[in-house]
>>> print(open('query04.txt').read())   # compact mmCIF, C-alpha atoms
# COMPACT_ATOMS: atom_id res chain seq x y z
CA MET I 1281 0.00 0.00 0.00
CA SER I 1282 2.66 2.46 0.96
CA LEU I 1283 3.93 3.00 -2.60
CA ALA I 1284 0.54 4.21 -3.82
CA HIS I 1285 0.27 6.48 -0.80
CA GLU I 1286 3.78 7.80 -1.38
CA MET I 1287 2.80 8.63 -4.97
CA ALA I 1288 -0.34 10.46 -3.87
CA PHE I 1289 1.55 12.55 -1.37
CA ALA I 1290 4.18 13.44 -3.98
CA ASN I 1291 1.77 14.71 -6.64
CA PRO I 1292 -1.59 16.53 -6.20
CA ASN I 1293 -2.90 14.82 -9.36
CA ILE I 1294 -2.69 11.42 -7.70
CA THR I 1295 -5.15 10.00 -5.16
CA ALA I 1296 -4.58 6.64 -3.48
CA TYR I 1297 -7.18 4.49 -1.75
CA ALA I 1298 -6.43 1.49 0.45
CA VAL I 1299 -9.57 -0.59 0.15
CA GLU I 1300 -10.44 -3.33 2.62
CA ALA I 1301 -11.70 -5.92 0.15
CA THR I 1302 -13.71 -8.15 2.50
CA GLU I 1303 -15.64 -5.16 3.81
CA PHE I 1304 -16.74 -4.00 0.36
CA PRO I 1305 -17.64 -7.13 -1.60
CA ASP I 1306 -19.30 -5.01 -4.28
CA LEU I 1307 -15.96 -3.36 -5.09
CA ALA I 1308 -14.10 -6.67 -4.84
CA ARG I 1309 -16.53 -8.13 -7.37
CA ARG I 1310 -16.48 -5.11 -9.67
CA TYR I 1311 -12.68 -5.16 -9.85
CA MET I 1312 -12.48 -8.98 -9.78
CA VAL I 1313 -10.26 -9.12 -6.73
CA ASN I 1314 -9.28 -12.77 -6.28
CA GLY I 1315 -6.06 -12.17 -4.40
CA VAL I 1316 -4.40 -9.34 -2.52
CA PRO I 1317 -2.77 -6.97 -2.86
CA LYS I 1318 -4.42 -6.03 -6.13
CA THR I 1319 -3.95 -2.53 -7.47
CA VAL I 1320 -6.30 -0.91 -9.96
CA VAL I 1321 -5.28 2.33 -11.65
CA ASN I 1322 -7.89 4.58 -13.26
CA ASP I 1323 -10.19 1.54 -13.53
CA GLU I 1324 -8.06 0.15 -16.36
CA VAL I 1325 -4.57 -0.93 -15.31
CA GLU I 1326 -4.15 -3.86 -12.92
CA ILE I 1327 -1.08 -4.63 -10.85
CA LEU I 1328 -1.18 -8.03 -9.17
CA GLY I 1329 0.72 -8.75 -5.97
CA ALA I 1330 3.53 -6.78 -4.41
CA VAL I 1331 5.94 -5.60 -7.11
CA PRO I 1332 9.26 -3.71 -6.89
CA GLN I 1333 9.09 0.08 -6.66
CA ASP I 1334 10.35 0.82 -10.20
CA GLU I 1335 7.80 -1.55 -11.70
CA PHE I 1336 4.94 -0.23 -9.57
CA VAL I 1337 5.60 3.41 -10.47
CA GLU I 1338 6.03 2.55 -14.15
CA GLN I 1339 2.75 0.61 -14.30
CA ALA I 1340 0.75 2.99 -12.12
CA LEU I 1341 1.77 5.92 -14.33
CA GLN I 1342 1.36 3.78 -17.47
CA LEU I 1343 4.85 4.60 -18.64
CA PRO I 1344 6.54 2.64 -21.43
CA SER I 1345 8.40 -0.27 -19.88
CA LYS I 1346 12.17 0.01 -19.58
CA THR I 1347 12.64 -3.69 -19.24
CA SER I 1348 10.68 -5.05 -22.21
CA MET F 1353 -10.07 -0.99 26.69
CA ALA F 1354 -6.86 -0.44 24.79
CA LEU F 1355 -6.54 -2.40 21.56
CA LEU F 1356 -2.79 -1.99 21.42
CA SER F 1357 -0.45 -3.70 23.88
CA ALA F 1358 1.63 -1.53 26.20
CA ALA F 1359 4.74 -2.51 24.20
CA ASP F 1360 3.14 -1.48 20.89
CA GLN F 1361 1.98 1.79 22.42
CA LYS F 1362 5.49 2.53 23.60
CA ARG F 1363 7.01 1.71 20.21
CA LEU F 1364 4.48 3.85 18.36
CA ARG F 1365 4.91 6.75 20.79
CA GLU F 1366 8.65 6.72 20.06
CA THR F 1367 8.08 6.55 16.30
CA PHE F 1368 5.51 9.36 16.32
CA ALA F 1369 7.91 11.53 18.34
CA GLU F 1370 9.81 12.11 15.08
CA MET F 1371 6.82 13.77 13.40
CA LYS F 1372 7.46 17.34 12.33
CA ARG F 1373 3.95 18.32 11.27
CA PRO F 1374 0.48 17.88 12.81
CA VAL F 1375 -1.61 15.24 11.02
CA ARG F 1376 -5.39 15.23 11.03
CA LEU F 1377 -7.36 12.09 10.29
CA LEU F 1378 -10.73 12.93 8.78
CA PHE F 1379 -12.97 10.05 9.79
CA PHE F 1380 -16.07 9.75 7.59
CA THR F 1381 -18.77 7.81 9.39
CA GLN F 1382 -22.50 7.35 9.83
CA THR F 1383 -24.65 6.12 12.70
CA LEU F 1384 -26.93 3.68 10.93
CA ASP F 1385 -26.15 0.80 8.58
CA CYS F 1386 -22.43 0.83 9.17
CA GLU F 1387 -21.27 -2.22 11.12
CA THR F 1388 -17.60 -1.33 10.96
CA CYS F 1389 -17.81 2.39 11.71
CA VAL F 1390 -17.64 1.92 15.49
CA PRO F 1391 -14.66 -0.50 15.42
CA THR F 1392 -12.89 1.90 13.06
CA ARG F 1393 -13.41 4.78 15.47
CA GLN F 1394 -12.06 2.59 18.30
CA ILE F 1395 -8.89 1.87 16.31
CA LEU F 1396 -8.40 5.54 15.40
CA ASP F 1397 -8.94 6.56 19.03
CA GLU F 1398 -5.78 4.63 19.94
CA LEU F 1399 -3.63 7.13 18.06
CA PRO F 1400 -4.06 10.66 19.51
CA PRO F 1401 -2.98 9.57 23.04
CA LEU F 1402 0.33 8.50 21.48
CA SER F 1403 1.18 11.85 19.91
CA ASP F 1404 0.06 15.44 20.34
CA LYS F 1405 0.57 15.80 16.58
CA ILE F 1406 -2.29 13.42 15.69
CA THR F 1407 -5.92 14.53 15.80
CA ILE F 1408 -9.16 12.98 14.59
CA GLU F 1409 -12.01 14.93 13.10
CA GLU F 1410 -15.26 13.07 12.67
CA VAL F 1411 -17.24 13.91 9.54
CA ASN F 1412 -20.85 12.79 9.29
CA PHE F 1413 -21.12 11.10 5.90
CA VAL F 1414 -24.90 11.62 5.74
CA LEU F 1415 -25.08 15.23 6.91
CA ASP F 1416 -21.85 16.51 5.40
CA ARG F 1417 -22.10 15.27 1.82
CA ASP F 1418 -20.14 18.22 0.48
CA ARG F 1419 -17.13 17.35 2.58
CA ALA F 1420 -17.32 13.70 1.52
CA LYS F 1421 -17.49 14.77 -2.11
CA GLU F 1422 -14.58 17.15 -1.67
CA TYR F 1423 -12.47 14.26 -0.43
CA GLY F 1424 -13.80 11.74 -2.96
CA ILE F 1425 -15.37 9.54 -0.29
CA ASP F 1426 -18.37 7.53 -1.49
CA ARG F 1427 -18.64 4.95 1.30
CA VAL F 1428 -17.91 4.50 4.99
CA PRO F 1429 -16.02 3.93 7.14
CA ALA F 1430 -13.35 5.99 5.43
CA VAL F 1431 -10.31 7.93 6.55
CA ALA F 1432 -8.70 10.80 4.66
CA VAL F 1433 -5.26 11.77 5.88
CA ALA F 1434 -4.77 15.55 6.05
CA TYR F 1435 -2.16 17.78 7.61
CA GLU F 1436 -1.84 21.22 9.05
CA ASP F 1437 0.26 23.44 6.90
CA ALA F 1438 2.51 25.73 8.86
CA GLY F 1439 1.91 28.48 6.34
CA LEU F 1440 1.51 31.29 8.85
CA PRO F 1441 4.44 33.65 9.37
CA PRO F 1442 5.98 33.54 12.85
CA GLY F 1443 4.06 35.57 15.38
CA GLU F 1444 0.83 35.55 13.41
CA THR F 1445 -2.08 33.64 14.74
CA GLY F 1446 -5.05 32.19 12.95
CA THR F 1447 -6.61 28.93 11.94
CA ALA F 1448 -4.13 26.45 10.52
CA VAL F 1449 -4.70 25.59 6.89
CA ILE F 1450 -5.74 21.96 6.48
CA LYS F 1451 -4.21 20.31 3.44
CA ASP F 1452 -5.21 17.04 1.84
CA SER F 1453 -2.55 14.37 1.35
CA ARG F 1454 -4.88 12.46 -1.01
CA ILE F 1455 -4.21 9.33 1.03
CA ARG F 1456 -7.41 7.41 1.79
CA PHE F 1457 -8.46 4.31 3.65
CA LEU F 1458 -11.79 2.63 2.90
CA GLY F 1459 -12.87 0.13 5.53
CA THR F 1460 -11.51 -0.75 8.96
CA PRO F 1461 -7.78 -0.03 9.27
CA ALA F 1462 -6.97 -3.24 11.15
CA GLY F 1463 -4.04 -5.65 10.76
CA TYR F 1464 -1.84 -4.74 7.79
CA GLU F 1465 -4.03 -1.74 7.11
CA PHE F 1466 -3.21 -0.37 10.54
CA ILE F 1467 0.49 -0.58 9.68
CA SER F 1468 -0.26 1.25 6.40
CA LEU F 1469 -2.13 3.91 8.35
CA VAL F 1470 0.82 4.40 10.72
CA GLN F 1471 3.15 4.66 7.70
CA ALA F 1472 0.84 7.22 6.07
CA ILE F 1473 0.76 9.30 9.26
CA LEU F 1474 4.56 9.26 9.45
CA LEU F 1475 4.92 10.21 5.78
CA VAL F 1476 2.46 13.07 6.00
CA GLY F 1477 3.97 14.03 9.35
CA GLY F 1478 7.28 14.73 7.66
CA ARG F 1479 9.09 11.45 7.14
CA GLU F 1480 11.37 11.24 4.10
CA SER F 1481 9.72 9.59 1.08
CA ILE F 1482 10.74 6.01 0.29
CA LEU F 1483 10.51 6.74 -3.45
CA SER F 1484 13.87 6.83 -5.19
CA ALA F 1485 14.93 10.18 -6.67
CA GLU F 1486 14.25 8.83 -10.16
CA ASN F 1487 10.77 7.60 -9.27
CA ARG F 1488 9.98 10.81 -7.42
CA ALA F 1489 10.77 12.74 -10.59
CA LEU F 1490 8.54 10.43 -12.66
CA VAL F 1491 5.70 10.77 -10.16
CA SER F 1492 6.00 14.56 -9.96
CA ALA F 1493 5.79 14.79 -13.75
CA ALA F 1494 2.31 13.23 -13.96
CA THR F 1495 -0.10 15.89 -15.17
CA GLN F 1496 -3.24 13.76 -15.61
CA PRO F 1497 -5.45 12.64 -12.72
CA VAL F 1498 -4.43 9.21 -11.44
CA ARG F 1499 -6.69 7.23 -9.13
CA ILE F 1500 -5.00 4.27 -7.49
CA GLN F 1501 -7.01 1.68 -5.56
CA VAL F 1502 -5.10 -0.97 -3.63
CA PHE F 1503 -7.25 -3.86 -2.44
CA THR F 1504 -6.05 -5.60 0.70
CA THR F 1505 -7.33 -7.80 3.51
CA PRO F 1506 -6.58 -7.43 7.24
CA SER F 1507 -4.38 -10.56 7.41
>>> encode(input="query04.txt", output="structure tokens")
Amino acid sequence: MSLAHEMAFANPNITAYAVEATEFPDLARRYMVNGVPKTVVNDEVEILGAVPQDEFVEQALQLPSKTS
Amino acid sequence: MALLSAADQKRLRETFAEMKRPVRLLFFTQTLDCETCVPTRQILDELPPLSDKITIEEVNFVLDRDRAKEYGIDRVPAVAVAYEDAGLPPGETGTAVIKDSRIRFLGTPAGYEFISLVQAILLVGGRESILSAENRALVSAATQPVRIQVFTTPS
């Protein structure tokens, strides 16, 4: 969670929500959360599991990948 | 009854002592049809006794819709982490300006979420960012709105 929160605090254009999945089954269903952590960015990009910082930032900002 | 052990309280008190800036937790809640609102309040209530830089402001989700909308809160319980900006020149008095960190918690901040909440308080309270210089630059350059939702469970 902390990476998303760090990003939000660093840029006013970014908002980060930690969502307790079991408490909001409607959201868990809508975003097809089958495992945690699952990150959803702007309702379109999905990041599954805990990933390294570089990868998380790259995917959350939808930047072209440096590694592929 | 305290939810945190004496040892945890001591550890947190020491960690919070490093905070440079007052942090305000805006707690969005409602009286009816919210099973987890009371437990959430109980968890949040553990924090202010551990630091004079942490305060809780309760916002009624039903009566104060404008405030909920302002903070992008559409369900409860929810916590928005805000901070007091020391924008006033020395010697001047007035109401502190409350600034939004855009860090949110939806649902009860128990287990891992409690640790995330403590981390968020420390960050907003003045802790150095864990983002690398390169990533900080990438993040700062984002000009479009980005909404990140991280789904977790308490254990």
>>> interface_residues(input="query04.txt", of="chain I", to="chain F", cutoff="7 Å", atoms="only C-alpha atoms", output="number ranges by chain")
I: 1281-1282, 1284-1291, 1293-1303, 1316-1322, 1334, 1337
>>> residues_around(input="query04.txt", residues="F:Asp1437", least_positions_apart="5", cutoff="9 Å", atoms="all atoms listed in the file", output="ChimeraX atom specification")
/F:1373-1374,1448-1451
>>> closest_residue(input="query04.txt", among="I:Ser1345, I:Pro1292, I:Val1313, I:Leu1283", to="I:Ala1330", atoms="only C-alpha atoms")
I:Leu1283
>>> atom_distance(input="query04.txt", atom1="atom CA of I:Gly1315", atom2="atom CA of F:Asp1426")
23.4 Å
>>> closest_residue(input="query04.txt", among="F:Glu1410, F:Glu1422, F:Asp1404, F:Asp1360", to="F:Gly1477", atoms="all atoms listed in the file")
F:Asp1404
>>> atom_distance(input="query04.txt", atom1="atom CA of F:Ile1473", atom2="atom CA of F:Val1375")
6.6 Å
>>> atom_distance(input="query04.txt", atom1="atom CA of F:Leu1402", atom2="atom CA of F:Cys1389")
21.5 Å
>>> closest_residue(input="query04.txt", among="F:Asp1418, F:Ser1403, F:Leu1378, F:Ala1434", to="F:Glu1366", atoms="all atoms listed in the file")
F:Ser1403
